[in-house]
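Take a look at the structure set out below.
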Amino acid sequence: MTPRARTRVGIAVAWLLAASLAGCLVWVPSAAAHAPPALPALDFEPPAPGTYTLFRIMAAPDGEVLGLDGRPQRLARFTRERITLLGFIYTTCIDPDGCPRAYRVFDAVYEAVAAAPALRAQVRLVTLSFDPARDSPATMGRYAGSRARGGAVPWLFLTTRSARELMPLLEGFGQDVRYTVDRAGGAPRRELAHVLKVFLIDRAGYVREIYSSEFLHPRTILHDIETLALEERAR
């Protein structure tokens, strides 16, 4: 099966200029504090796991990230040795079809994998902020909620020290983002606009699928995770 997304899109705005606006803009409540709407049903039947091939799209990029404890680590530590589902978010996103939806999908995948002994030790989830100006490790911890305490399946909530560390990761993954300033409510509010993308990475650190919003559904992702697990078993 041909991967559904291969296009790498450039960064559309200067990060340092955007970061300089952060101090004068209004805080928006965390997306995790609002219950997102139910996920829509799939309008197609995904192929059975193992009946198709997920090709290598690209090597997952590496760079410095911060965990919830604030210590710098290499992203490669979290994109190797397990099948990894990685998505970019920002904690103040309020678009129900954006970051809140991605969180809901990740949560559903987490529950399904945690309930499957054959997959539990093979999978991890990674949520990485692309708003380092506001998403500190402490902020990411609040966004993570109870998931930050760990569980049957590793779910890492990461950020970066600054836009300088983040930009190579965005460029490497082809994750585009631009800043806008909403002044409709009187006080300016910074918003980030981005194309929702989630990346499935194999044990060797290769991106094997890129999900757009159309295909971002727990069933689709779980079938692909099982396909990679079967591939590994066959080796």
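Residues are named by chain letter and number: chains run A, B, ... in the order of the structure tokens, numbers start at 1 in each chain, and ligands are numbered from 1 in the order shown.
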Practice task
Tell me, as a ChimeraX atom specification, which residues lie within 7 Å of A:Leu85, counting only C-alpha atoms; anything in the same chain fewer than 5 positions away does not count.
Solution key: /A:124-126,199-201
Practice task
Can you pull out every residue within 7 Å of A:Thr220, counting only C-alpha atoms, but drop anything in the same chain fewer than 4 positions away, and send it as a list in words?
Solution key: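 Near A:Thr220, the qualifying residues are Pro46, Phe215 and Asp224 of chain A.
Between atom CA of A:Arg147 and atom CA of A:Leu66 the separation is 16.8 Å.
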Exercise for the section: Please provide as a list of chain:residue names all residues within 10 Å of A:Leu68, with the sequence filter that same-chain residues fewer than 3 positions apart are discarded (counting only C-alpha atoms). Expected result: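 Residues meeting the cut-off are A:Arg71, A:Pro72, A:Ser136, A:Pro137, A:Ala138, A:Thr139, A:Met140, A:Gly141, A:Arg142, A:Ala144, A:Ala148, A:Leu156, A:Phe157, A:Leu158, A:Thr159.
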Based on the selection just made, write all heavy atoms of those residues as a tab-separated table (two decimals), in the first residue's frame.
chain	number	residue	atom	x	y	z
A	71	ARG	N	14.99	17.94	31.60
A	71	ARG	CA	16.34	17.55	31.19
A	71	ARG	C	16.41	17.35	29.68
A	71	ARG	O	15.53	16.73	29.09
A	71	ARG	CB	16.76	16.26	31.89
A	71	ARG	CG	16.95	16.41	33.40
A	71	ARG	CD	17.56	15.16	34.00
A	71	ARG	NE	16.72	13.99	33.76
A	71	ARG	CZ	17.06	12.74	34.09
A	71	ARG	NH1	18.24	12.50	34.63
A	71	ARG	NH2	16.23	11.75	33.86
A	72	PRO	N	17.46	17.86	29.03
A	72	PRO	CA	17.61	17.66	27.59
A	72	PRO	C	17.94	16.22	27.25
A	72	PRO	O	18.73	15.57	27.95
A	72	PRO	CB	18.76	18.60	27.22
A	72	PRO	CG	19.54	18.78	28.49
A	72	PRO	CD	18.54	18.69	29.60
A	136	SER	N	6.26	24.93	28.20
A	136	SER	CA	7.38	24.48	29.03
A	136	SER	C	7.15	23.04	29.45
A	136	SER	O	6.04	22.50	29.29
A	136	SER	CB	7.49	25.36	30.28
A	136	SER	OG	6.33	25.18	31.09
A	137	PRO	N	8.14	22.37	30.02
A	137	PRO	CA	7.91	21.02	30.55
A	137	PRO	C	6.77	20.97	31.56
A	137	PRO	O	5.97	20.03	31.56
A	137	PRO	CB	9.26	20.67	31.19
A	137	PRO	CG	10.26	21.39	30.35
A	137	PRO	CD	9.59	22.70	30.03
A	138	ALA	N	6.66	22.00	32.41
A	138	ALA	CA	5.57	22.02	33.40
A	138	ALA	C	4.22	22.13	32.70
A	138	ALA	O	3.24	21.48	33.09
A	138	ALA	CB	5.76	23.19	34.37
A	139	THR	N	4.15	22.95	31.66
A	139	THR	CA	2.90	23.09	30.90
A	139	THR	C	2.55	21.78	30.22
A	139	THR	O	1.38	21.37	30.20
A	139	THR	CB	3.03	24.21	29.86
A	139	THR	OG1	3.33	25.44	30.53
A	139	THR	CG2	1.75	24.38	29.07
A	140	MET	N	3.54	21.12	29.65
A	140	MET	CA	3.28	19.83	29.02
A	140	MET	C	2.81	18.81	30.03
A	140	MET	O	1.97	17.95	29.73
A	140	MET	CB	4.54	19.33	28.31
A	140	MET	CG	4.94	20.15	27.09
A	140	MET	SD	3.68	20.18	25.79
A	140	MET	CE	3.78	18.49	25.20
A	141	GLY	N	3.32	18.88	31.26
A	141	GLY	CA	2.87	17.97	32.31
A	141	GLY	C	1.40	18.18	32.63
A	141	GLY	O	0.65	17.21	32.83
A	142	ARG	N	0.97	19.45	32.69
A	142	ARG	CA	-0.45	19.71	32.94
A	142	ARG	C	-1.31	19.24	31.77
A	142	ARG	O	-2.41	18.72	31.97
A	142	ARG	CB	-0.66	21.21	33.19
A	142	ARG	CG	-0.07	21.70	34.52
A	142	ARG	CD	-0.52	23.10	34.84
A	142	ARG	NE	0.00	24.08	33.90
A	142	ARG	CZ	1.16	24.70	34.05
A	142	ARG	NH1	1.93	24.43	35.10
A	142	ARG	NH2	1.57	25.60	33.16
A	144	ALA	N	-0.63	16.77	29.79
A	144	ALA	CA	-0.64	15.31	29.80
A	144	ALA	C	-1.64	14.76	30.81
A	144	ALA	O	-2.24	13.70	30.60
A	144	ALA	CB	0.76	14.78	30.11
A	148	ALA	N	0.77	11.54	32.30
A	148	ALA	CA	2.14	11.87	32.65
A	148	ALA	C	2.69	10.94	33.72
A	148	ALA	O	3.90	10.86	33.92
A	148	ALA	CB	2.22	13.31	33.14
A	156	LEU	N	5.19	9.73	26.00
A	156	LEU	CA	6.10	10.81	26.34
A	156	LEU	C	5.50	12.14	25.88
A	156	LEU	O	4.99	12.24	24.76
A	156	LEU	CB	7.46	10.62	25.67
A	156	LEU	CG	8.36	9.47	26.13
A	156	LEU	CD1	8.56	9.51	27.64
A	156	LEU	CD2	7.87	8.13	25.65
A	157	PHE	N	5.59	13.14	26.73
A	157	PHE	CA	5.17	14.49	26.41
A	157	PHE	C	6.41	15.37	26.42
A	157	PHE	O	7.01	15.60	27.47
A	157	PHE	CB	4.12	14.98	27.39
A	157	PHE	CG	2.81	14.27	27.27
A	157	PHE	CD1	2.61	13.03	27.88
A	157	PHE	CD2	1.77	14.81	26.52
A	157	PHE	CE1	1.41	12.36	27.76
A	157	PHE	CE2	0.57	14.13	26.39
A	157	PHE	CZ	0.38	12.91	27.01
A	158	LEU	N	6.80	15.85	25.24
A	158	LEU	CA	8.08	16.53	25.07
A	158	LEU	C	7.89	17.94	24.55
A	158	LEU	O	6.88	18.27	23.92
A	158	LEU	CB	8.94	15.75	24.08
A	158	LEU	CG	9.15	14.25	24.35
A	158	LEU	CD1	9.91	13.61	23.20
A	158	LEU	CD2	9.86	14.02	25.67
A	159	THR	N	8.88	18.77	24.80
A	159	THR	CA	8.95	20.10	24.21
A	159	THR	C	10.41	20.37	23.87
A	159	THR	O	11.24	19.46	23.94
A	159	THR	CB	8.36	21.15	25.17
A	159	THR	OG1	8.29	22.42	24.48
A	159	THR	CG2	9.18	21.30	26.44
Practice task
Would you work out the distance separating atom CA of A:Tyr206 from atom CA of A:Ala60, expressed in Å to one decimal?
Solution key: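 Straight-line distance from atom CA of A:Tyr206 to atom CA of A:Ala60 works out to 5.5 Å.
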Exercise for the section: Looking only at helix (DSSP H, G or I) from DSSP on the backbone, list the matching residues of stretch 23-223 of chain A as JSON, numbers by chain. Expected result: {"A": [23, 24, 31, 32, 33, 75, 76, 77, 78, 99, 100, 101, 102, 103, 104, 105, 106, 107, 108, 109, 110, 111, 112, 113, 114, 117, 118, 119, 120, 137, 138, 139, 140, 141, 142, 143, 144, 145, 146, 147, 148, 149, 163, 164, 165, 166, 167, 168, 169, 170, 171, 172, 173, 218, 219, 220, 221, 222, 223]}
Exercise for the section: Just the strand (DSSP E or B) stuff from stretch 20-215 of chain A, please, per backbone DSSP, written as a VMD selection string. Expected result: chain A and resid 58 to 59 64 to 66 72 to 74 83 to 89 123 to 129 155 to 159 177 to 182 189 to 194 198 to 201 206 to 211
For the selection you just gave me, I'd like the residues written to a file as a PDB file, in the first residue's frame, keeping C-alpha atoms.
ATOM      1  CA  MET A  58      12.229   8.769   5.444  1.00  0.00           C
ATOM      2  CA  ALA A  59      14.426   8.524   8.496  1.00  0.00           C
ATOM      3  CA  GLU A  64      17.401  17.901  21.384  1.00  0.00           C
ATOM      4  CA  VAL A  65      14.097  17.773  23.280  1.00  0.00           C
ATOM      5  CA  LEU A  66      13.037  18.291  26.882  1.00  0.00           C
ATOM      6  CA  PRO A  72      17.607  17.664  27.590  1.00  0.00           C
ATOM      7  CA  GLN A  73      17.562  14.383  25.708  1.00  0.00           C
ATOM      8  CA  ARG A  74      17.852  13.238  22.118  1.00  0.00           C
ATOM      9  CA  ILE A  83       6.981   1.213  17.097  1.00  0.00           C
ATOM     10  CA  THR A  84       6.376   4.903  17.754  1.00  0.00           C
ATOM     11  CA  LEU A  85       3.363   7.074  17.080  1.00  0.00           C
ATOM     12  CA  LEU A  86       4.495  10.712  17.112  1.00  0.00           C
ATOM     13  CA  GLY A  87       2.425  13.846  16.765  1.00  0.00           C
ATOM     14  CA  PHE A  88       3.040  17.582  17.081  1.00  0.00           C
ATOM     15  CA  ILE A  89       0.641  19.687  19.152  1.00  0.00           C
ATOM     16  CA  VAL A 123       4.663   0.492  21.143  1.00  0.00           C
ATOM     17  CA  ARG A 124       5.206   3.991  22.495  1.00  0.00           C
ATOM     18  CA  LEU A 125       3.452   7.305  21.931  1.00  0.00           C
ATOM     19  CA  VAL A 126       5.182  10.678  21.674  1.00  0.00           C
ATOM     20  CA  THR A 127       3.473  14.064  21.860  1.00  0.00           C
ATOM     21  CA  LEU A 128       5.835  16.916  20.961  1.00  0.00           C
ATOM     22  CA  SER A 129       4.981  20.619  21.236  1.00  0.00           C
ATOM     23  CA  TRP A 155       3.512   8.021  26.384  1.00  0.00           C
ATOM     24  CA  LEU A 156       6.095  10.814  26.336  1.00  0.00           C
ATOM     25  CA  PHE A 157       5.170  14.490  26.407  1.00  0.00           C
ATOM     26  CA  LEU A 158       8.075  16.525  25.071  1.00  0.00           C
ATOM     27  CA  THR A 159       8.946  20.096  24.214  1.00  0.00           C
ATOM     28  CA  VAL A 177       3.204  25.732  11.013  1.00  0.00           C
ATOM     29  CA  ARG A 178       2.508  29.437  10.847  1.00  0.00           C
ATOM     30  CA  TYR A 179       1.632  32.044  13.413  1.00  0.00           C
ATOM     31  CA  THR A 180      -1.353  34.367  13.284  1.00  0.00           C
ATOM     32  CA  VAL A 181      -2.589  36.994  15.735  1.00  0.00           C
ATOM     33  CA  ASP A 182      -6.323  37.143  16.440  1.00  0.00           C
ATOM     34  CA  ARG A 189      -4.180  36.349  20.974  1.00  0.00           C
ATOM     35  CA  ARG A 190      -1.505  34.330  19.250  1.00  0.00           C
ATOM     36  CA  GLU A 191      -2.693  31.283  17.350  1.00  0.00           C
ATOM     37  CA  LEU A 192      -0.803  28.613  15.465  1.00  0.00           C
ATOM     38  CA  ALA A 193      -2.119  27.229  12.220  1.00  0.00           C
ATOM     39  CA  HIS A 194      -0.833  23.878  11.048  1.00  0.00           C
ATOM     40  CA  VAL A 198       0.873  12.165  12.819  1.00  0.00           C
ATOM     41  CA  PHE A 199       3.873   9.943  12.092  1.00  0.00           C
ATOM     42  CA  LEU A 200       4.219   6.188  12.508  1.00  0.00           C
ATOM     43  CA  ILE A 201       7.856   5.205  13.016  1.00  0.00           C
ATOM     44  CA  TYR A 206      12.052   5.126   9.781  1.00  0.00           C
ATOM     45  CA  VAL A 207       8.762   6.915   9.184  1.00  0.00           C
ATOM     46  CA  ARG A 208       6.442   4.339   7.646  1.00  0.00           C
ATOM     47  CA  GLU A 209       3.183   6.293   7.517  1.00  0.00           C
ATOM     48  CA  ILE A 210       2.038   9.904   7.778  1.00  0.00           C
ATOM     49  CA  TYR A 211      -1.583  10.398   8.770  1.00  0.00           C
TER      50      TYR A 211
END
Exercise for the section: Might you pull out every residue within 10 Å of A:Arg219, with only C-alpha atoms counted and same-chain residues fewer than 6 positions away left off, and present them as a list of chain:residue names? Expected result: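 Once the adjacent positions are removed, what remains is A:Ala41, A:Leu42, A:Glu45, A:Pro46, A:Val105, A:Ala108, A:Val109, A:Ala112, A:Ile225.
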